[in-house]
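Source file: run.cif; contents: mmCIF, C-alpha atoms.
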```cif
data_target
loop_
_atom_site.label_atom_id
_atom_site.label_comp_id
_atom_site.auth_asym_id
_atom_site.auth_seq_id
_atom_site.Cartn_x
_atom_site.Cartn_y
_atom_site.Cartn_z
CA MET A 846 -121.06 7.58 40.48
CA SER A 847 -122.92 8.24 43.73
CA GLY A 848 -123.85 5.18 45.76
CA ASP A 849 -126.98 4.60 47.80
CA ARG A 850 -125.15 4.23 51.10
CA SER A 851 -125.62 6.65 53.96
CA ARG A 852 -123.66 7.65 57.04
CA THR A 853 -124.57 9.11 60.38
CA VAL A 854 -123.03 12.28 61.77
CA ARG A 855 -123.03 13.25 65.42
CA ALA A 856 -124.38 16.74 66.13
CA GLY A 857 -124.56 17.53 69.81
CA ARG A 858 -127.11 15.24 71.44
CA ARG A 859 -128.46 14.10 68.09
CA THR A 860 -127.27 12.07 65.13
CA VAL A 861 -128.18 13.05 61.59
CA GLU A 862 -128.34 10.54 58.75
CA VAL A 863 -126.63 11.75 55.57
CA HIS A 864 -128.06 10.04 52.50
CA ARG A 865 -125.82 9.44 49.47
CA PRO A 866 -122.84 11.38 50.85
CA ASP A 867 -120.87 10.63 47.67
CA LYS A 868 -123.41 12.46 45.49
CA VAL A 869 -121.63 15.24 43.61
CA LEU A 870 -123.26 18.62 44.23
CA PHE A 871 -120.46 20.79 42.83
CA PRO A 872 -118.92 19.21 39.71
CA GLY A 873 -115.24 19.88 39.11
CA GLY A 874 -113.65 21.21 35.95
CA GLY A 875 -112.59 24.55 34.58
CA GLY A 876 -110.34 25.10 37.57
CA ALA A 877 -113.11 24.41 40.08
CA LYS A 878 -112.82 21.63 42.64
CA GLU A 879 -115.46 18.91 42.95
CA TYR A 880 -117.46 18.70 46.18
CA THR A 881 -119.94 16.06 47.33
CA LYS A 882 -122.87 16.17 49.73
CA GLY A 883 -120.57 14.64 52.34
CA ASP A 884 -118.15 17.53 51.84
CA LEU A 885 -121.01 20.01 52.28
CA VAL A 886 -122.11 18.34 55.52
CA ASP A 887 -118.53 18.28 56.83
CA TYR A 888 -118.13 21.98 56.06
CA TYR A 889 -121.36 22.94 57.80
CA ARG A 890 -120.46 20.84 60.84
CA SER A 891 -117.08 22.61 61.09
CA VAL A 892 -118.46 26.12 60.58
CA ALA A 893 -121.54 25.66 62.79
CA PRO A 894 -120.06 27.36 65.91
CA PHE A 895 -119.42 30.50 63.86
CA MET A 896 -122.57 30.35 61.73
CA LEU A 897 -125.27 29.51 64.29
CA PRO A 898 -125.17 32.92 66.05
CA HIS A 899 -126.30 34.42 62.73
CA LEU A 900 -129.07 31.82 62.31
CA ARG A 901 -130.72 31.28 65.69
CA GLY A 902 -134.24 32.61 65.96
CA ARG A 903 -134.44 33.73 62.35
CA PRO A 904 -136.99 32.46 59.80
CA LEU A 905 -135.27 30.98 56.75
CA MET A 906 -135.74 30.57 53.04
CA LEU A 907 -133.82 27.54 51.77
CA GLU A 908 -132.20 27.35 48.35
CA ARG A 909 -132.22 23.67 47.45
CA HIS A 910 -130.38 21.88 44.63
CA PRO A 911 -131.27 18.17 44.96
CA ASP A 912 -129.25 17.24 41.84
CA GLY A 913 -126.38 19.65 42.44
CA ILE A 914 -125.70 23.09 41.03
CA ASP A 915 -126.19 21.91 37.43
CA GLY A 916 -129.70 20.64 38.19
CA PRO A 917 -132.97 22.43 38.97
CA ARG A 918 -133.15 24.84 41.87
CA PHE A 919 -136.11 25.59 44.06
CA MET A 920 -136.63 28.07 46.88
CA GLN A 921 -138.34 26.59 49.95
CA LYS A 922 -140.16 28.74 52.47
CA ASN A 923 -142.67 26.27 53.92
CA THR A 924 -141.29 23.51 56.15
CA PRO A 925 -142.29 20.08 54.77
CA GLU A 926 -144.37 17.92 57.11
CA ASN A 927 -141.78 15.11 56.98
CA TYR A 928 -139.07 17.24 58.62
CA PRO A 929 -138.18 15.93 62.11
CA GLU A 930 -140.29 17.26 64.98
CA TRP A 931 -137.15 18.57 66.76
CA ILE A 932 -136.55 21.17 64.03
CA THR A 933 -137.87 24.58 65.10
CA ARG A 934 -140.64 26.11 63.00
CA VAL A 935 -142.45 29.43 63.06
CA GLU A 936 -145.72 30.27 61.33
CA LEU A 937 -145.79 33.80 59.97
CA ALA A 938 -148.30 35.88 58.08
CA LYS A 939 -148.04 36.41 54.36
CA GLU A 940 -150.46 37.93 51.90
CA GLY A 941 -153.49 35.66 51.81
CA GLY A 942 -152.31 33.21 54.44
CA THR A 943 -149.34 32.00 56.45
CA VAL A 944 -145.96 30.32 55.91
CA CYS A 945 -144.38 27.81 58.29
CA HIS A 946 -140.70 28.75 58.09
CA THR A 947 -137.81 26.57 59.23
CA VAL A 948 -135.60 28.07 61.96
CA CYS A 949 -132.05 26.72 62.39
CA ASP A 950 -131.22 26.82 66.08
CA ASP A 951 -128.62 24.04 66.33
CA THR A 952 -125.98 22.04 64.50
CA ALA A 953 -128.28 19.07 63.95
CA THR A 954 -130.75 21.23 62.03
CA LEU A 955 -127.94 22.71 59.95
CA LEU A 956 -126.69 19.24 59.00
CA TYR A 957 -130.21 18.00 58.29
CA LEU A 958 -130.72 20.90 55.88
CA ALA A 959 -127.38 20.12 54.21
CA ASP A 960 -128.57 16.53 53.73
CA GLN A 961 -131.66 18.01 52.02
CA ALA A 962 -129.24 19.72 49.59
CA ALA A 963 -130.16 23.13 50.99
CA LEU A 964 -126.92 24.61 49.73
CA THR A 965 -127.66 28.24 50.58
CA LEU A 966 -129.55 29.56 53.59
CA HIS A 967 -131.26 32.94 53.31
CA ARG A 968 -132.34 34.55 56.61
CA TRP A 969 -134.76 37.20 57.71
CA LEU A 970 -133.24 40.37 59.17
CA SER A 971 -135.51 40.04 62.21
CA ARG A 972 -136.08 37.33 64.79
CA VAL A 973 -138.98 35.19 65.95
CA GLY A 974 -141.02 37.13 68.49
CA ARG A 975 -140.22 40.49 66.89
CA VAL A 976 -140.46 39.68 63.20
CA ASP A 977 -141.57 43.21 62.30
CA ARG A 978 -138.51 44.79 64.01
CA PRO A 979 -135.23 44.05 62.23
CA ASP A 980 -131.95 43.98 64.14
CA ARG A 981 -129.86 44.05 60.97
CA MET A 982 -129.68 46.56 58.13
CA VAL A 983 -128.06 45.34 54.90
CA PHE A 984 -126.55 47.21 51.97
CA ASP A 985 -125.95 44.96 48.96
CA LEU A 986 -123.15 46.29 46.73
CA ASP A 987 -124.09 44.73 43.42
CA PRO A 988 -121.93 45.30 40.32
CA SER A 989 -123.79 45.97 37.08
CA GLY A 990 -123.13 44.30 33.77
CA GLY A 991 -121.94 40.81 32.88
CA THR A 992 -118.35 41.25 34.01
CA VAL A 993 -117.59 42.14 37.61
CA ASP A 994 -115.28 45.08 38.21
CA PHE A 995 -114.44 44.23 41.79
CA ALA A 996 -112.34 47.35 42.18
CA ALA A 997 -115.58 49.32 41.86
CA VAL A 998 -117.20 47.14 44.54
CA ARG A 999 -114.26 47.75 46.86
CA GLU A 1000 -114.38 51.52 46.29
CA ALA A 1001 -118.11 51.61 47.01
CA ALA A 1002 -117.57 49.65 50.23
CA VAL A 1003 -114.92 52.13 51.38
CA LEU A 1004 -117.20 55.09 50.65
CA LEU A 1005 -120.13 53.47 52.44
CA GLY A 1006 -117.98 52.47 55.42
CA GLU A 1007 -116.67 56.02 55.76
CA LEU A 1008 -120.19 57.46 55.67
CA LEU A 1009 -121.43 54.98 58.28
CA ASP A 1010 -118.45 55.93 60.46
CA GLU A 1011 -119.48 59.57 60.19
CA LEU A 1012 -122.96 58.55 61.30
CA LYS A 1013 -121.37 56.66 64.22
CA LEU A 1014 -122.92 53.36 63.12
CA PRO A 1015 -120.86 50.17 63.44
CA SER A 1016 -120.64 48.23 60.19
CA ALA A 1017 -119.42 44.81 59.11
CA LEU A 1018 -118.25 43.57 55.72
CA MET A 1019 -119.04 40.26 54.03
CA THR A 1020 -118.33 38.73 50.63
CA THR A 1021 -121.54 37.40 49.11
CA GLY A 1022 -119.89 34.35 47.56
CA SER A 1023 -121.45 35.45 44.27
CA ARG A 1024 -120.67 38.89 42.77
CA GLY A 1025 -120.43 41.62 45.36
CA LEU A 1026 -120.22 42.58 49.02
CA HIS A 1027 -122.71 43.10 51.82
CA VAL A 1028 -122.26 45.82 54.41
CA VAL A 1029 -124.21 44.85 57.54
CA VAL A 1030 -125.21 47.31 60.27
CA PRO A 1031 -126.53 46.01 63.61
CA VAL A 1032 -129.56 48.01 64.78
CA ASP A 1033 -131.32 47.88 68.13
CA GLY A 1034 -134.59 46.29 66.97
CA HIS A 1035 -136.74 49.27 67.98
CA HIS A 1036 -137.53 50.40 64.41
CA ASP A 1037 -139.90 48.74 61.97
CA PHE A 1038 -138.87 47.66 58.49
CA ASP A 1039 -140.22 50.79 56.80
CA GLU A 1040 -138.10 53.01 59.06
CA VAL A 1041 -134.97 50.94 58.51
CA ARG A 1042 -135.40 50.73 54.75
CA THR A 1043 -136.12 54.47 54.47
CA PHE A 1044 -132.98 55.25 56.44
CA ALA A 1045 -130.91 52.84 54.33
CA ARG A 1046 -132.27 54.46 51.16
CA ASP A 1047 -131.37 57.93 52.48
CA VAL A 1048 -127.81 56.75 53.20
CA ALA A 1049 -127.53 55.23 49.72
CA ASP A 1050 -128.99 58.34 48.08
CA THR A 1051 -126.47 60.50 49.93
CA LEU A 1052 -123.60 58.41 48.53
CA VAL A 1053 -125.06 58.47 45.03
CA ALA A 1054 -125.42 62.26 45.16
CA GLY A 1055 -121.69 62.52 45.81
CA HIS A 1056 -120.69 59.97 43.15
CA PRO A 1057 -123.46 59.94 40.51
CA ASP A 1058 -121.14 58.62 37.79
CA ARG A 1059 -120.12 55.54 39.83
CA LEU A 1060 -123.10 54.63 42.01
CA THR A 1061 -126.86 54.27 41.59
CA THR A 1062 -129.98 53.23 43.49
CA ALA A 1063 -131.94 52.55 40.27
CA ALA A 1064 -133.79 49.25 40.70
CA ARG A 1065 -134.14 48.72 36.93
CA LYS A 1066 -131.00 47.31 35.35
CA LYS A 1067 -131.44 49.29 32.14
CA GLU A 1068 -131.24 52.53 34.16
CA ARG A 1069 -127.96 51.64 35.90
CA GLY A 1070 -125.56 51.59 32.98
CA GLU A 1071 -122.14 50.59 34.30
CA ARG A 1072 -122.72 52.10 37.73
CA LEU A 1073 -122.63 49.97 40.86
CA TYR A 1074 -126.06 49.34 42.37
CA LEU A 1075 -126.55 50.12 46.06
CA ASP A 1076 -129.42 47.77 46.86
CA VAL A 1077 -131.37 48.38 50.07
CA GLN A 1078 -134.49 46.40 49.11
CA ARG A 1079 -133.64 43.51 51.44
CA ASN A 1080 -134.61 45.74 54.37
CA ALA A 1081 -138.29 44.81 54.19
CA TYR A 1082 -140.67 42.41 55.91
CA ALA A 1083 -140.25 38.81 54.64
CA GLN A 1084 -137.20 39.73 52.52
CA THR A 1085 -134.01 37.79 53.14
CA ALA A 1086 -130.24 38.03 52.87
CA VAL A 1087 -127.68 35.24 52.62
CA VAL A 1088 -126.43 34.01 55.98
CA PRO A 1089 -122.78 34.57 56.94
CA TYR A 1090 -120.78 31.42 56.13
CA THR A 1091 -123.45 29.93 53.88
CA VAL A 1092 -122.35 28.14 50.70
CA ARG A 1093 -123.39 29.54 47.32
CA ALA A 1094 -124.53 27.43 44.39
CA LYS A 1095 -121.55 28.34 42.21
CA PRO A 1096 -118.64 26.29 40.82
CA GLY A 1097 -116.05 25.56 43.49
CA ALA A 1098 -118.53 26.01 46.38
CA PRO A 1099 -117.74 29.64 47.33
CA VAL A 1100 -118.90 30.89 50.72
CA ALA A 1101 -120.46 34.18 51.86
CA THR A 1102 -117.72 35.15 54.27
CA PRO A 1103 -117.33 37.89 56.89
CA LEU A 1104 -114.06 39.80 56.69
CA ALA A 1105 -112.37 42.66 58.53
CA TRP A 1106 -112.35 46.09 56.88
CA SER A 1107 -108.53 45.89 56.70
CA GLN A 1108 -108.88 42.84 54.41
CA LEU A 1109 -110.48 45.05 51.78
CA ASP A 1110 -106.91 45.98 50.78
CA ASP A 1111 -106.06 42.37 49.84
CA PRO A 1112 -105.34 42.39 46.08
CA GLY A 1113 -106.65 38.83 45.84
CA LEU A 1114 -110.04 39.70 47.28
CA ASP A 1115 -113.19 39.12 45.27
CA ALA A 1116 -116.72 37.96 46.06
CA ARG A 1117 -115.70 34.29 45.85
CA ARG A 1118 -112.40 34.59 47.70
CA TRP A 1119 -113.33 31.91 50.28
CA THR A 1120 -114.77 28.44 49.63
CA VAL A 1121 -115.71 25.45 51.77
CA ALA A 1122 -111.97 24.64 51.75
CA ASP A 1123 -110.84 27.70 53.73
CA ALA A 1124 -113.85 29.67 55.04
CA VAL A 1125 -113.57 28.02 58.47
CA ASP A 1126 -109.98 29.28 58.78
CA GLN A 1127 -111.25 32.80 58.07
CA ALA A 1128 -114.09 32.35 60.59
CA ARG A 1129 -111.58 31.47 63.31
CA THR A 1130 -110.01 34.94 62.97
CA ASP A 1131 -113.29 36.41 64.31
CA PRO A 1132 -113.41 39.19 61.69
CA TRP A 1133 -116.53 40.84 63.15
CA ALA A 1134 -115.26 40.62 66.77
CA GLY A 1135 -118.44 41.39 68.69
CA LEU A 1136 -119.80 43.95 66.20
CA MET A 1137 -123.19 42.28 65.89
CA SER A 1138 -123.94 42.83 69.59
CA ARG A 1139 -123.58 46.59 69.21
CA GLY A 1140 -126.98 47.39 67.72
CA ARG A 1141 -127.71 51.12 67.58
CA SER A 1142 -130.78 53.26 67.43
CA LEU A 1143 -131.18 55.05 64.12
CA GLY A 1144 -132.43 58.30 65.68
CA PRO A 1145 -129.02 59.92 66.34
CA ALA A 1146 -127.68 58.63 63.00
CA ARG A 1147 -130.69 60.09 61.20
CA ARG A 1148 -129.99 63.50 62.72
CA ARG A 1149 -126.32 63.29 61.73
CA LEU A 1150 -127.30 62.32 58.18
CA LYS A 1151 -129.72 65.23 57.95
CA ALA A 1152 -126.95 67.61 59.05
CA LEU A 1153 -124.54 66.13 56.49
CA ARG A 1154 -127.09 66.60 53.72
CA GLY A 1155 -127.48 70.22 54.77
#
```

Write-out of the structure in structure tokens:
Amino acid sequence: MSGDRSRTVRAGRRTVEVHRPDKVLFPGGGGAKEYTKGDLVDYYRSVAPFMLPHLRGRPLMLERHPDGIDGPRFMQKNTPENYPEWITRVELAKEGGTVCHTVCDDTATLLYLADQAALTLHRWLSRVGRVDRPDRMVFDLDPSGGTVDFAAVREAAVLLGELLDELKLPSALMTTGSRGLHVVVPVDGHHDFDEVRTFARDVADTLVAGHPDRLTTAARKKERGERLYLDVQRNAYAQTAVVPYTVRAKPGAPVATPLAWSQLDDPGLDARRWTVADAVDQARTDPWAGLMSRGRSLGPARRRLKALRG
């Protein structure tokens, strides 16, 4: 049973108070290991050096589970007034008003959010100051149906990676910690969301045209059948994608984890391959090795794609 005690954790120049660190957020059983809030905080403190470069300057949506993964979930966009003044905020336009998003720029903020039972962090694909100009393009490889055929996810990733190579666009691979894979392309931040999403849709449509029995861009589930869904809808203003190294609200605390393309051949790979127990070890291998600093313009790639499509 969780006690009412708390502990303080050092995070750079600040200390963060962790309330009820023994509170179970991920119950054990069925082969899954139990993890407490203290375990979550310890994981985020360890992974912070690898995770913060993917967080800094980006508005967030927080997925909070105050009573653990078996309790109610709520998605938090607005930053509560009681959050410490040292946490960065940014006020952005939405339909009919504004939202004051949290921005995680340092380890102390990351640990504070973990204490708030923000298990999963979802980030914008653009940064404060240029929120209408994304510097990331994301393809979400989402298996259809109740059971996940991860071989189909792998095959789709290979096909997409090969096409992006032909377009001379660098690409990075990440498990989602849930069902599928994300393929992330760094872009130079000179295109607006409509341009990026249109280009991503054209790439996806090109793949589907070559493999119509295996892949689809149909947004409605009933139209997909058993085909794998190439989702490009995250490439839009105010849409989000899970942050690299964030924990997912699933049994065993799986982690959305970057991996090298060569690791796609691992027979043990699936979307939940890494958890809070071993994701830091994977992070230390630097699987993306500077890829995210190689943002490209989409103009040359668009011309190459047009030539490929004939």

Evaluate the PyMOL selection byres ((chain A and resi 1024) around 7) and report residues as a ChimeraX atom specification:
/A:987-988,993,1021-1023,1025,1116

Check what the PyMOL selection byres ((chain A and resi 928) around 12) selects in the file above and give those residues as a PyMOL selection string.
chain A and resi 923-927+929-934+945-948+954+957-958+960-961

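Residue membership of the PyMOL selection byres ((chain A and resi 1066) around 12) in the shown file amounts to Asp987, Pro988, Ser989, Gly990, Gly991, Thr1061, Thr1062, Ala1063, Ala1064, Arg1065, Lys1067, Glu1068, Arg1069, Gly1070, Glu1071, Arg1072, Leu1073, Tyr1074, Leu1075 and Asp1076 of chain A.
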
What gap, in Å, lies between atom CA of Asp884 of chain A and atom CA of Arg850 of chain A?
15.0 Å

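Closest approach to Val944 of chain A from the set A:Leu1005, A:Ala1105, A:Met906, A:Leu956 is made by A:Met906, with distances taken over all atoms listed in the file.
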
Within 7 Å of Val998 of chain A, counting all atoms listed in the file, which residues qualify if same-chain residues fewer than 3 places away don't, as a VMD selection string?
chain A and resid 986 988 994 to 995 1001 to 1002 1025

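Interatomic distance, atom CA of Ala962 of chain A against atom CA of Leu870 of chain A: 8.1 Å.
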
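Comparing the minimum interatomic distances between Gly1055 of chain A and each of A:Arg1154, A:His1035, A:Pro1099, A:Leu1014, counting all atoms listed in the file, we find that A:Arg1154 sits nearest.
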
Interatomic distance (Å, one decimal) between atom CA of Leu905 of chain A and atom CA of Glu936 of chain A:
11.4 Å

Which residue out of A:Met920, A:Thr1043, A:Ala1146, A:Arg890 has the minimum interatomic distance to Glu1011 of chain A when all atoms listed in the file are used?
A:Ala1146

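Among A:Lys1151, A:Gln1127, A:Pro1145, A:Arg1093, the residue with the shortest atom-to-atom distance to Asp1047 of chain A, counting all atoms listed in the file, is A:Lys1151.
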
Give me the residues within 12 Å of Asp1111 of chain A as a ChimeraX atom specification, counting all atoms listed in the file and dropping any in the same chain fewer than 5 places off.
/A:995-996,999,1104-1106,1118

Atoms kept (C-alpha atoms) for selection, written as an mmCIF file, in the coordinates of the input:
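And here is the file that came out, again_21.cif:
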```
data_model
loop_
_atom_site.group_PDB
_atom_site.id
_atom_site.type_symbol
_atom_site.label_atom_id
_atom_site.label_comp_id
_atom_site.auth_asym_id
_atom_site.auth_seq_id
_atom_site.Cartn_x
_atom_site.Cartn_y
_atom_site.Cartn_z
ATOM 1 C CA PHE A 995 -114.440 44.230 41.790
ATOM 2 C CA ALA A 996 -112.340 47.350 42.180
ATOM 3 C CA ARG A 999 -114.260 47.750 46.860
ATOM 4 C CA LEU A 1104 -114.060 39.800 56.690
ATOM 5 C CA ALA A 1105 -112.370 42.660 58.530
ATOM 6 C CA TRP A 1106 -112.350 46.090 56.880
ATOM 7 C CA ARG A 1118 -112.400 34.590 47.700
#
```

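Each of A:Leu1150, A:Ala1128, A:Val976, A:Met1137 was checked against Met896 of chain A using all atoms listed in the file; the smallest atom-to-atom distance is that of A:Ala1128.
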
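Closest approach to Gly974 of chain A among A:Arg903, A:Lys922, A:Arg1042, A:His1036 is made by A:Arg903 (distances from all atoms listed in the file).
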
Point (-117.9, 28.4, 43.8), cut-off 9 Å, counting only C-alpha atoms, residues as number ranges by chain
A: 871, 877-878, 1022-1023, 1092-1100, 1117, 1119-1121
